[in-house]
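> Below you'll find protein.pdb; it's PDB, C-alpha atoms.
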ATOM      1  CA  MET A   6     -46.790 -76.025  10.969  1.00  0.00           C
ATOM      2  CA  LEU A   7     -46.990 -74.480   7.521  1.00  0.00           C
ATOM      3  CA  THR A   8     -49.475 -75.890   5.024  1.00  0.00           C
ATOM      4  CA  MET A   9     -49.314 -75.173   1.305  1.00  0.00           C
ATOM      5  CA  ILE A  10     -51.976 -76.257  -1.167  1.00  0.00           C
ATOM      6  CA  ILE A  11     -50.619 -76.214  -4.697  1.00  0.00           C
ATOM      7  CA  TYR A  12     -52.792 -76.779  -7.753  1.00  0.00           C
ATOM      8  CA  GLY A  13     -51.154 -77.787 -11.008  1.00  0.00           C
ATOM      9  CA  SER A  14     -49.851 -80.879 -12.704  1.00  0.00           C
ATOM     10  CA  PRO A  15     -47.198 -82.552 -10.483  1.00  0.00           C
ATOM     11  CA  ALA A  16     -44.130 -83.371 -12.544  1.00  0.00           C
ATOM     12  CA  PRO A  17     -41.054 -85.439 -11.651  1.00  0.00           C
ATOM     13  CA  GLN A  18     -37.524 -84.103 -11.690  1.00  0.00           C
ATOM     14  CA  GLY A  19     -34.475 -86.138 -12.406  1.00  0.00           C
ATOM     15  CA  SER A  20     -34.426 -87.355 -15.974  1.00  0.00           C
ATOM     16  CA  LYS A  21     -31.933 -85.320 -17.968  1.00  0.00           C
ATOM     17  CA  LYS A  22     -31.097 -85.379 -21.658  1.00  0.00           C
ATOM     18  CA  PHE A  23     -27.635 -84.701 -23.128  1.00  0.00           C
ATOM     19  CA  VAL A  24     -27.858 -81.953 -25.776  1.00  0.00           C
ATOM     20  CA  GLY A  25     -24.216 -81.258 -26.528  1.00  0.00           C
ATOM     21  CA  THR A  26     -21.189 -79.570 -25.035  1.00  0.00           C
ATOM     22  CA  THR A  27     -20.319 -76.011 -24.086  1.00  0.00           C
ATOM     23  CA  LYS A  28     -17.352 -74.076 -25.536  1.00  0.00           C
ATOM     24  CA  THR A  29     -15.293 -75.213 -22.549  1.00  0.00           C
ATOM     25  CA  GLY A  30     -16.107 -78.875 -23.240  1.00  0.00           C
ATOM     26  CA  ARG A  31     -18.562 -79.436 -20.400  1.00  0.00           C
ATOM     27  CA  GLY A  32     -21.639 -81.551 -21.033  1.00  0.00           C
ATOM     28  CA  LEU A  33     -24.896 -79.661 -21.482  1.00  0.00           C
ATOM     29  CA  MET A  34     -27.913 -81.352 -19.926  1.00  0.00           C
ATOM     30  CA  VAL A  35     -31.558 -80.281 -19.996  1.00  0.00           C
ATOM     31  CA  GLU A  36     -34.664 -81.586 -18.270  1.00  0.00           C
ATOM     32  CA  SER A  37     -36.251 -84.212 -20.513  1.00  0.00           C
ATOM     33  CA  SER A  38     -39.797 -83.443 -19.344  1.00  0.00           C
ATOM     34  CA  LYS A  39     -41.483 -80.221 -20.430  1.00  0.00           C
ATOM     35  CA  LYS A  40     -43.866 -80.524 -17.448  1.00  0.00           C
ATOM     36  CA  VAL A  41     -41.214 -79.912 -14.758  1.00  0.00           C
ATOM     37  CA  ARG A  42     -40.858 -76.162 -15.290  1.00  0.00           C
ATOM     38  CA  PRO A  43     -44.600 -75.315 -15.000  1.00  0.00           C
ATOM     39  CA  TRP A  44     -44.926 -77.479 -11.869  1.00  0.00           C
ATOM     40  CA  ARG A  45     -41.883 -75.888 -10.240  1.00  0.00           C
ATOM     41  CA  MET A  46     -43.252 -72.434 -11.093  1.00  0.00           C
ATOM     42  CA  ASP A  47     -46.613 -73.315  -9.459  1.00  0.00           C
ATOM     43  CA  VAL A  48     -44.865 -74.589  -6.322  1.00  0.00           C
ATOM     44  CA  LYS A  49     -42.494 -71.620  -6.191  1.00  0.00           C
ATOM     45  CA  ALA A  50     -45.369 -69.111  -6.449  1.00  0.00           C
ATOM     46  CA  VAL A  51     -47.236 -70.681  -3.514  1.00  0.00           C
ATOM     47  CA  ALA A  52     -44.010 -71.015  -1.477  1.00  0.00           C
ATOM     48  CA  GLU A  53     -43.129 -67.356  -2.102  1.00  0.00           C
ATOM     49  CA  ALA A  54     -46.603 -66.258  -0.984  1.00  0.00           C
ATOM     50  CA  THR A  55     -46.250 -68.403   2.143  1.00  0.00           C
ATOM     51  CA  ARG A  56     -42.805 -66.931   2.830  1.00  0.00           C
ATOM     52  CA  ALA A  57     -44.173 -63.382   2.468  1.00  0.00           C
ATOM     53  CA  HIS A  58     -47.003 -64.162   4.894  1.00  0.00           C
ATOM     54  CA  HIS A  59     -44.603 -65.598   7.505  1.00  0.00           C
ATOM     55  CA  VAL A  60     -41.635 -63.290   6.831  1.00  0.00           C
ATOM     56  CA  ALA A  61     -40.454 -63.153  10.461  1.00  0.00           C
ATOM     57  CA  GLN A  62     -39.846 -66.917  10.516  1.00  0.00           C
ATOM     58  CA  MET A  63     -38.122 -67.212   7.137  1.00  0.00           C
ATOM     59  CA  PRO A  64     -36.208 -68.944   5.830  1.00  0.00           C
ATOM     60  CA  LEU A  65     -36.926 -72.074   7.819  1.00  0.00           C
ATOM     61  CA  ASP A  66     -33.654 -73.430   9.128  1.00  0.00           C
ATOM     62  CA  GLY A  67     -32.737 -76.339  11.338  1.00  0.00           C
ATOM     63  CA  PRO A  68     -34.236 -79.828  11.232  1.00  0.00           C
ATOM     64  CA  LEU A  69     -37.563 -80.019   9.380  1.00  0.00           C
ATOM     65  CA  ILE A  70     -40.261 -82.666   9.080  1.00  0.00           C
ATOM     66  CA  VAL A  71     -42.251 -82.680   5.848  1.00  0.00           C
ATOM     67  CA  SER A  72     -45.383 -84.275   4.458  1.00  0.00           C
ATOM     68  CA  MET A  73     -46.149 -84.226   0.724  1.00  0.00           C
ATOM     69  CA  VAL A  74     -49.303 -85.728  -0.760  1.00  0.00           C
ATOM     70  CA  PHE A  75     -49.520 -85.467  -4.543  1.00  0.00           C
ATOM     71  CA  THR A  76     -52.889 -85.710  -6.277  1.00  0.00           C
ATOM     72  CA  VAL A  77     -52.425 -87.008  -9.810  1.00  0.00           C
ATOM     73  CA  PRO A  78     -55.067 -87.337 -12.558  1.00  0.00           C
ATOM     74  CA  LYS A  79     -56.997 -90.607 -12.508  1.00  0.00           C
ATOM     75  CA  PRO A  80     -56.896 -92.371 -15.879  1.00  0.00           C
ATOM     76  CA  ALA A  81     -60.221 -92.614 -17.721  1.00  0.00           C
ATOM     77  CA  SER A  82     -59.702 -96.372 -17.931  1.00  0.00           C
ATOM     78  CA  ALA A  83     -59.486 -96.772 -14.120  1.00  0.00           C
ATOM     79  CA  PRO A  84     -62.486 -98.226 -12.254  1.00  0.00           C
ATOM     80  CA  LYS A  85     -64.904 -95.542 -11.051  1.00  0.00           C
ATOM     81  CA  ARG A  86     -66.666 -97.386  -8.220  1.00  0.00           C
ATOM     82  CA  ARG A  87     -63.706 -98.670  -6.237  1.00  0.00           C
ATOM     83  CA  GLN A  88     -60.488 -97.235  -4.951  1.00  0.00           C
ATOM     84  CA  THR A  89     -57.421 -97.680  -7.087  1.00  0.00           C
ATOM     85  CA  TRP A  90     -53.829 -96.603  -6.594  1.00  0.00           C
ATOM     86  CA  PRO A  91     -51.549 -94.632  -8.909  1.00  0.00           C
ATOM     87  CA  ASP A  92     -48.864 -97.301  -9.161  1.00  0.00           C
ATOM     88  CA  ARG A  93     -47.489 -96.045 -12.479  1.00  0.00           C
ATOM     89  CA  LYS A  94     -45.417 -93.045 -13.519  1.00  0.00           C
ATOM     90  CA  PRO A  95     -44.598 -90.451 -12.319  1.00  0.00           C
ATOM     91  CA  ASP A  96     -42.099 -91.683  -9.761  1.00  0.00           C
ATOM     92  CA  LEU A  97     -43.008 -90.469  -6.243  1.00  0.00           C
ATOM     93  CA  SER A  98     -39.451 -89.689  -5.140  1.00  0.00           C
ATOM     94  CA  LYS A  99     -38.901 -87.589  -8.282  1.00  0.00           C
ATOM     95  CA  LEU A 100     -42.130 -85.664  -7.581  1.00  0.00           C
ATOM     96  CA  ALA A 101     -40.755 -84.884  -4.114  1.00  0.00           C
ATOM     97  CA  ARG A 102     -37.420 -83.801  -5.588  1.00  0.00           C
ATOM     98  CA  SER A 103     -38.950 -81.284  -8.014  1.00  0.00           C
ATOM     99  CA  THR A 104     -41.161 -79.895  -5.241  1.00  0.00           C
ATOM    100  CA  GLU A 105     -38.266 -79.632  -2.763  1.00  0.00           C
ATOM    101  CA  ASP A 106     -36.135 -77.784  -5.331  1.00  0.00           C
ATOM    102  CA  ALA A 107     -38.928 -75.289  -6.066  1.00  0.00           C
ATOM    103  CA  ILE A 108     -39.422 -74.604  -2.345  1.00  0.00           C
ATOM    104  CA  THR A 109     -35.667 -74.046  -2.002  1.00  0.00           C
ATOM    105  CA  ASP A 110     -35.698 -71.649  -4.991  1.00  0.00           C
ATOM    106  CA  ALA A 111     -38.518 -69.707  -3.309  1.00  0.00           C
ATOM    107  CA  GLY A 112     -36.405 -69.254  -0.175  1.00  0.00           C
ATOM    108  CA  LEU A 113     -38.972 -70.840   2.135  1.00  0.00           C
ATOM    109  CA  TRP A 114     -36.304 -73.000   3.752  1.00  0.00           C
ATOM    110  CA  ALA A 115     -32.532 -72.645   3.880  1.00  0.00           C
ATOM    111  CA  ASP A 116     -31.984 -75.907   2.002  1.00  0.00           C
ATOM    112  CA  ASP A 117     -33.840 -79.150   1.383  1.00  0.00           C
ATOM    113  CA  ALA A 118     -30.997 -80.913   3.203  1.00  0.00           C
ATOM    114  CA  ARG A 119     -32.715 -79.662   6.403  1.00  0.00           C
ATOM    115  CA  ILE A 120     -35.421 -82.312   5.938  1.00  0.00           C
ATOM    116  CA  ILE A 121     -34.769 -85.042   8.484  1.00  0.00           C
ATOM    117  CA  GLU A 122     -38.000 -86.980   8.089  1.00  0.00           C
ATOM    118  CA  TYR A 123     -40.988 -87.406   5.816  1.00  0.00           C
ATOM    119  CA  ARG A 124     -44.090 -87.807   7.964  1.00  0.00           C
ATOM    120  CA  ARG A 125     -45.999 -88.808   4.827  1.00  0.00           C
ATOM    121  CA  LEU A 126     -45.034 -89.045   1.167  1.00  0.00           C
ATOM    122  CA  ALA A 127     -47.898 -90.230  -1.035  1.00  0.00           C
ATOM    123  CA  LYS A 128     -49.322 -90.200  -4.535  1.00  0.00           C
ATOM    124  CA  VAL A 129     -53.132 -90.421  -4.696  1.00  0.00           C
ATOM    125  CA  TYR A 130     -56.069 -89.880  -7.029  1.00  0.00           C
ATOM    126  CA  PRO A 131     -58.525 -86.976  -6.578  1.00  0.00           C
ATOM    127  CA  LEU A 132     -60.877 -87.351  -3.609  1.00  0.00           C
ATOM    128  CA  GLU A 133     -59.726 -90.914  -2.848  1.00  0.00           C
ATOM    129  CA  ASP A 134     -57.637 -90.034   0.201  1.00  0.00           C
ATOM    130  CA  PRO A 135     -58.196 -87.709   3.187  1.00  0.00           C
ATOM    131  CA  ASP A 136     -55.295 -85.518   1.995  1.00  0.00           C
ATOM    132  CA  SER A 137     -56.159 -85.588  -1.720  1.00  0.00           C
ATOM    133  CA  LEU A 138     -57.313 -82.528  -3.624  1.00  0.00           C
ATOM    134  CA  PRO A 139     -60.297 -82.396  -5.990  1.00  0.00           C
ATOM    135  CA  ALA A 140     -57.891 -81.719  -8.888  1.00  0.00           C
ATOM    136  CA  PRO A 141     -54.188 -82.427  -9.551  1.00  0.00           C
ATOM    137  CA  GLY A 142     -51.729 -80.731  -7.227  1.00  0.00           C
ATOM    138  CA  ALA A 143     -50.148 -81.274  -3.814  1.00  0.00           C
ATOM    139  CA  VAL A 144     -50.610 -80.630  -0.135  1.00  0.00           C
ATOM    140  CA  VAL A 145     -47.279 -79.849   1.532  1.00  0.00           C
ATOM    141  CA  ARG A 146     -46.922 -79.540   5.298  1.00  0.00           C
ATOM    142  CA  ILE A 147     -43.722 -78.446   7.032  1.00  0.00           C
ATOM    143  CA  TRP A 148     -42.920 -78.605  10.746  1.00  0.00           C
ATOM    144  CA  ARG A 149     -39.835 -77.561  12.650  1.00  0.00           C
ATOM    145  CA  ALA A 150     -38.591 -80.750  14.342  1.00  0.00           C
ATOM    146  CA  ASN A 151     -38.465 -79.048  17.728  1.00  0.00           C
ATOM    147  CA  GLN A 152     -42.187 -78.203  17.437  1.00  0.00           C
ATOM    148  CA  MET A 153     -43.247 -81.824  16.959  1.00  0.00           C
ATOM    149  CA  GLU A 154     -44.143 -84.124  19.789  1.00  0.00           C
ATOM    150  CA  LEU A 155     -41.869 -87.030  19.042  1.00  0.00           C
ATOM    151  CA  PRO A 156     -42.245 -90.290  20.973  1.00  0.00           C
ATOM    152  CA  LEU A 157     -39.400 -90.925  23.389  1.00  0.00           C
ATOM    153  CA  LYS A 158     -37.834 -94.348  23.619  1.00  0.00           C
ATOM    154  CA  ASP A 159     -37.748 -96.085  26.970  1.00  0.00           C
ATOM    155  CA  ALA A 160     -34.375 -95.832  28.664  1.00  0.00           C
ATOM    156  CA  ALA A 161     -34.666 -99.399  29.969  1.00  0.00           C
TER     157      ALA A 161
END
Show this structure as structure tokens.


Amino acid sequence: MLTMIIYGSPAPQGSKKFVGTTKTGRGLMVESSKKVRPWRMDVKAVAEATRAHHVAQMPLDGPLIVSMVFTVPKPASAPKRRQTWPDRKPDLSKLARSTEDAITDAGLWADDARIIEYRRLAKVYPLEDPDSLPAPGAVVRIWRANQMELPLKDAA
């Protein structure tokens, strides 16, 4: 299992804005959020360092199982003495998409299409979950599917 701890402000990928056309007439789209690029750079830097440390096993290929737990800032207006959940933006699946793309760009895995299962995909506030960080960021764990003990179904 590989574990990456990434600090930074998790940002969703997916919303694009039309800004015009190219000389050949193709549509030109740009990311609508300015936060995506810094987040992807943070993820890519940690993924590249992980790849360099485990160079003999890289890139990861074959079926992969992934866990991603994003720690997002808790709003000042949220209750302090009881647990609350980040049930507002950013969209969890778009956070996963931007993180997957950055890991692919870093060459840690052959392609994000290799992911066959998410063991856990969560969005939490700081220190309110066993996998949360003390500040915004993410904990990403990656297993090769053949290294996991998967429950077998009864043949009956």

> Quick one: distance from CA of Lys49 (chain A) to CA of Asp134 (chain A) in Å, one decimal?

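Answer for the CA of Lys49 (chain A) to CA of Asp134 (chain A) separation: 24.7 Å.
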
> Please evaluate the PyMOL selection byres ((chain A and resi 96) around 10) against the displayed coordinates and give the resulting residues as a list in words.

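That expression, the PyMOL selection byres ((chain A and resi 96) around 10), corresponds here to Ala16, Pro17, Gln18, Gly19, Pro91, Asp92, Arg93, Lys94, Pro95, Leu97, Ser98, Lys99, Leu100, Ala101 and Lys128 of chain A.
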
> Put those residues in a file: C-alpha atoms, as a PDB file, in the coordinates of the input.


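Okay, this is what ended up in result-v4.pdb:
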ATOM      1  CA  ALA A  16     -44.130 -83.371 -12.544  1.00  0.00           C
ATOM      2  CA  PRO A  17     -41.054 -85.439 -11.651  1.00  0.00           C
ATOM      3  CA  GLN A  18     -37.524 -84.103 -11.690  1.00  0.00           C
ATOM      4  CA  GLY A  19     -34.475 -86.138 -12.406  1.00  0.00           C
ATOM      5  CA  PRO A  91     -51.549 -94.632  -8.909  1.00  0.00           C
ATOM      6  CA  ASP A  92     -48.864 -97.301  -9.161  1.00  0.00           C
ATOM      7  CA  ARG A  93     -47.489 -96.045 -12.479  1.00  0.00           C
ATOM      8  CA  LYS A  94     -45.417 -93.045 -13.519  1.00  0.00           C
ATOM      9  CA  PRO A  95     -44.598 -90.451 -12.319  1.00  0.00           C
ATOM     10  CA  LEU A  97     -43.008 -90.469  -6.243  1.00  0.00           C
ATOM     11  CA  SER A  98     -39.451 -89.689  -5.140  1.00  0.00           C
ATOM     12  CA  LYS A  99     -38.901 -87.589  -8.282  1.00  0.00           C
ATOM     13  CA  LEU A 100     -42.130 -85.664  -7.581  1.00  0.00           C
ATOM     14  CA  ALA A 101     -40.755 -84.884  -4.114  1.00  0.00           C
ATOM     15  CA  LYS A 128     -49.322 -90.200  -4.535  1.00  0.00           C
TER      16      LYS A 128
END

> Would you pick out the contacts of Pro139 (chain A) at 12 Å or less, using all atoms listed in the file, so that residues sharing its chain but fewer than 4 positions from it are not included, and give the list as JSON, numbers by chain?

{"A": [10, 11, 12, 13, 75, 76, 77, 78, 79, 129, 130, 131, 132, 133, 134, 135, 143, 144]}

> Taking C-alpha atoms for each residue, export the selection above as a PDB file, in the coordinates of the input.


ATOM      1  CA  ILE A  10     -51.976 -76.257  -1.167  1.00  0.00           C
ATOM      2  CA  ILE A  11     -50.619 -76.214  -4.697  1.00  0.00           C
ATOM      3  CA  TYR A  12     -52.792 -76.779  -7.753  1.00  0.00           C
ATOM      4  CA  GLY A  13     -51.154 -77.787 -11.008  1.00  0.00           C
ATOM      5  CA  PHE A  75     -49.520 -85.467  -4.543  1.00  0.00           C
ATOM      6  CA  THR A  76     -52.889 -85.710  -6.277  1.00  0.00           C
ATOM      7  CA  VAL A  77     -52.425 -87.008  -9.810  1.00  0.00           C
ATOM      8  CA  PRO A  78     -55.067 -87.337 -12.558  1.00  0.00           C
ATOM      9  CA  LYS A  79     -56.997 -90.607 -12.508  1.00  0.00           C
ATOM     10  CA  VAL A 129     -53.132 -90.421  -4.696  1.00  0.00           C
ATOM     11  CA  TYR A 130     -56.069 -89.880  -7.029  1.00  0.00           C
ATOM     12  CA  PRO A 131     -58.525 -86.976  -6.578  1.00  0.00           C
ATOM     13  CA  LEU A 132     -60.877 -87.351  -3.609  1.00  0.00           C
ATOM     14  CA  GLU A 133     -59.726 -90.914  -2.848  1.00  0.00           C
ATOM     15  CA  ASP A 134     -57.637 -90.034   0.201  1.00  0.00           C
ATOM     16  CA  PRO A 135     -58.196 -87.709   3.187  1.00  0.00           C
ATOM     17  CA  ALA A 143     -50.148 -81.274  -3.814  1.00  0.00           C
ATOM     18  CA  VAL A 144     -50.610 -80.630  -0.135  1.00  0.00           C
TER      19      VAL A 144
END

> Select, from A:Ala107, A:Leu69, A:Met9, A:Ala52, the residue with the minimum atom-to-atom distance to Asp136 (chain A), counting all atoms listed in the file.

A:Met9

> Measure the distance from CA of Gln88 (chain A) to CA of Ala140 (chain A) in Å and round it to one decimal.

16.2 Å

> Which residue is closest to Ala50 (chain A)? Choose from A:Ile121, A:Ile108, A:Arg87, A:Ile147 and count all atoms listed in the file.

A:Ile108

> Distance CA of Ile120 (chain A)-CA of Met6 (chain A), one decimal place?

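Separating CA of Ile120 (chain A) from CA of Met6 (chain A) is a distance of 13.9 Å.
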
> To verify the selection step, state as a ChimeraX atom specification which residues the PyMOL selection byres ((chain A and resi 148) around 12) yields on this input.

/A:6-9,65-73,114,119-124,145-147,149-155

> Pick from A:Ala115, A:Gly142, A:Arg125, A:Val41: nearest to Arg56 (chain A), with only C-alpha atoms counted?

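The closest residue to Arg56 (chain A) is A:Ala115.
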
> For a quick check of understanding, using all atoms listed in the file, which of A:Met46, A:Ala81, A:Leu138, A:Met63 has the smallest distance to Asp116 (chain A)?

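The shortest atom-to-atom distance to Asp116 (chain A) comes from A:Met63.
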
> Only N, CA and C atoms, please: region 35-57 of chain A from the block, as a PDB file, in the first residue's frame.


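Output file part25.pdb is given in full below:
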ATOM      1  N   VAL A  35     -11.585  26.629 -20.624  1.00  0.00           N
ATOM      2  CA  VAL A  35     -10.630  26.735 -19.524  1.00  0.00           C
ATOM      3  C   VAL A  35     -11.342  26.372 -18.230  1.00  0.00           C
ATOM      4  N   GLU A  36     -10.559  25.937 -17.258  1.00  0.00           N
ATOM      5  CA  GLU A  36     -11.082  25.614 -15.937  1.00  0.00           C
ATOM      6  C   GLU A  36     -11.697  26.874 -15.344  1.00  0.00           C
ATOM      7  N   SER A  37     -12.906  26.767 -14.807  1.00  0.00           N
ATOM      8  CA  SER A  37     -13.563  27.959 -14.266  1.00  0.00           C
ATOM      9  C   SER A  37     -13.059  28.310 -12.871  1.00  0.00           C
ATOM     10  N   SER A  38     -12.471  27.351 -12.171  1.00  0.00           N
ATOM     11  CA  SER A  38     -11.969  27.612 -10.821  1.00  0.00           C
ATOM     12  C   SER A  38     -10.459  27.852 -10.840  1.00  0.00           C
ATOM     13  N   LYS A  39     -10.039  28.912 -10.215  1.00  0.00           N
ATOM     14  CA  LYS A  39      -8.613  29.240 -10.124  1.00  0.00           C
ATOM     15  C   LYS A  39      -7.909  28.358  -9.090  1.00  0.00           C
ATOM     16  N   LYS A  40      -8.674  27.633  -8.273  1.00  0.00           N
ATOM     17  CA  LYS A  40      -8.097  26.809  -7.210  1.00  0.00           C
ATOM     18  C   LYS A  40      -7.630  25.440  -7.693  1.00  0.00           C
ATOM     19  N   VAL A  41      -8.072  25.011  -8.882  1.00  0.00           N
ATOM     20  CA  VAL A  41      -7.742  23.671  -9.371  1.00  0.00           C
ATOM     21  C   VAL A  41      -6.244  23.525  -9.625  1.00  0.00           C
ATOM     22  N   ARG A  42      -5.645  24.471 -10.288  1.00  0.00           N
ATOM     23  CA  ARG A  42      -4.223  24.367 -10.639  1.00  0.00           C
ATOM     24  C   ARG A  42      -3.320  24.241  -9.405  1.00  0.00           C
ATOM     25  N   PRO A  43      -3.466  25.099  -8.372  1.00  0.00           N
ATOM     26  CA  PRO A  43      -2.611  24.923  -7.190  1.00  0.00           C
ATOM     27  C   PRO A  43      -2.811  23.569  -6.508  1.00  0.00           C
ATOM     28  N   TRP A  44      -4.058  23.089  -6.427  1.00  0.00           N
ATOM     29  CA  TRP A  44      -4.306  21.793  -5.806  1.00  0.00           C
ATOM     30  C   TRP A  44      -3.638  20.678  -6.608  1.00  0.00           C
ATOM     31  N   ARG A  45      -3.806  20.706  -7.927  1.00  0.00           N
ATOM     32  CA  ARG A  45      -3.193  19.673  -8.758  1.00  0.00           C
ATOM     33  C   ARG A  45      -1.670  19.720  -8.661  1.00  0.00           C
ATOM     34  N   MET A  46      -1.103  20.909  -8.524  1.00  0.00           N
ATOM     35  CA  MET A  46       0.351  21.023  -8.371  1.00  0.00           C
ATOM     36  C   MET A  46       0.794  20.424  -7.030  1.00  0.00           C
ATOM     37  N   ASP A  47       0.035  20.656  -5.962  1.00  0.00           N
ATOM     38  CA  ASP A  47       0.353  20.072  -4.651  1.00  0.00           C
ATOM     39  C   ASP A  47       0.312  18.544  -4.717  1.00  0.00           C
ATOM     40  N   VAL A  48      -0.745  18.011  -5.327  1.00  0.00           N
ATOM     41  CA  VAL A  48      -0.895  16.562  -5.446  1.00  0.00           C
ATOM     42  C   VAL A  48       0.225  15.984  -6.307  1.00  0.00           C
ATOM     43  N   LYS A  49       0.497  16.632  -7.423  1.00  0.00           N
ATOM     44  CA  LYS A  49       1.529  16.136  -8.344  1.00  0.00           C
ATOM     45  C   LYS A  49       2.895  16.097  -7.662  1.00  0.00           C
ATOM     46  N   ALA A  50       3.227  17.117  -6.875  1.00  0.00           N
ATOM     47  CA  ALA A  50       4.524  17.157  -6.195  1.00  0.00           C
ATOM     48  C   ALA A  50       4.672  15.985  -5.225  1.00  0.00           C
ATOM     49  N   VAL A  51       3.636  15.692  -4.452  1.00  0.00           N
ATOM     50  CA  VAL A  51       3.697  14.580  -3.505  1.00  0.00           C
ATOM     51  C   VAL A  51       3.735  13.245  -4.266  1.00  0.00           C
ATOM     52  N   ALA A  52       2.958  13.129  -5.334  1.00  0.00           N
ATOM     53  CA  ALA A  52       2.944  11.895  -6.130  1.00  0.00           C
ATOM     54  C   ALA A  52       4.299  11.656  -6.802  1.00  0.00           C
ATOM     55  N   GLU A  53       4.932  12.709  -7.282  1.00  0.00           N
ATOM     56  CA  GLU A  53       6.258  12.565  -7.898  1.00  0.00           C
ATOM     57  C   GLU A  53       7.295  12.130  -6.868  1.00  0.00           C
ATOM     58  N   ALA A  54       7.225  12.678  -5.670  1.00  0.00           N
ATOM     59  CA  ALA A  54       8.151  12.274  -4.603  1.00  0.00           C
ATOM     60  C   ALA A  54       7.919  10.815  -4.220  1.00  0.00           C
ATOM     61  N   THR A  55       6.671  10.400  -4.177  1.00  0.00           N
ATOM     62  CA  THR A  55       6.336   9.007  -3.874  1.00  0.00           C
ATOM     63  C   THR A  55       6.853   8.094  -4.977  1.00  0.00           C
ATOM     64  N   ARG A  56       6.661   8.509  -6.226  1.00  0.00           N
ATOM     65  CA  ARG A  56       7.148   7.714  -7.364  1.00  0.00           C
ATOM     66  C   ARG A  56       8.666   7.565  -7.302  1.00  0.00           C
ATOM     67  N   ALA A  57       9.374   8.632  -6.982  1.00  0.00           N
ATOM     68  CA  ALA A  57      10.838   8.591  -6.906  1.00  0.00           C
ATOM     69  C   ALA A  57      11.305   7.663  -5.786  1.00  0.00           C
TER      70      ALA A  57
END
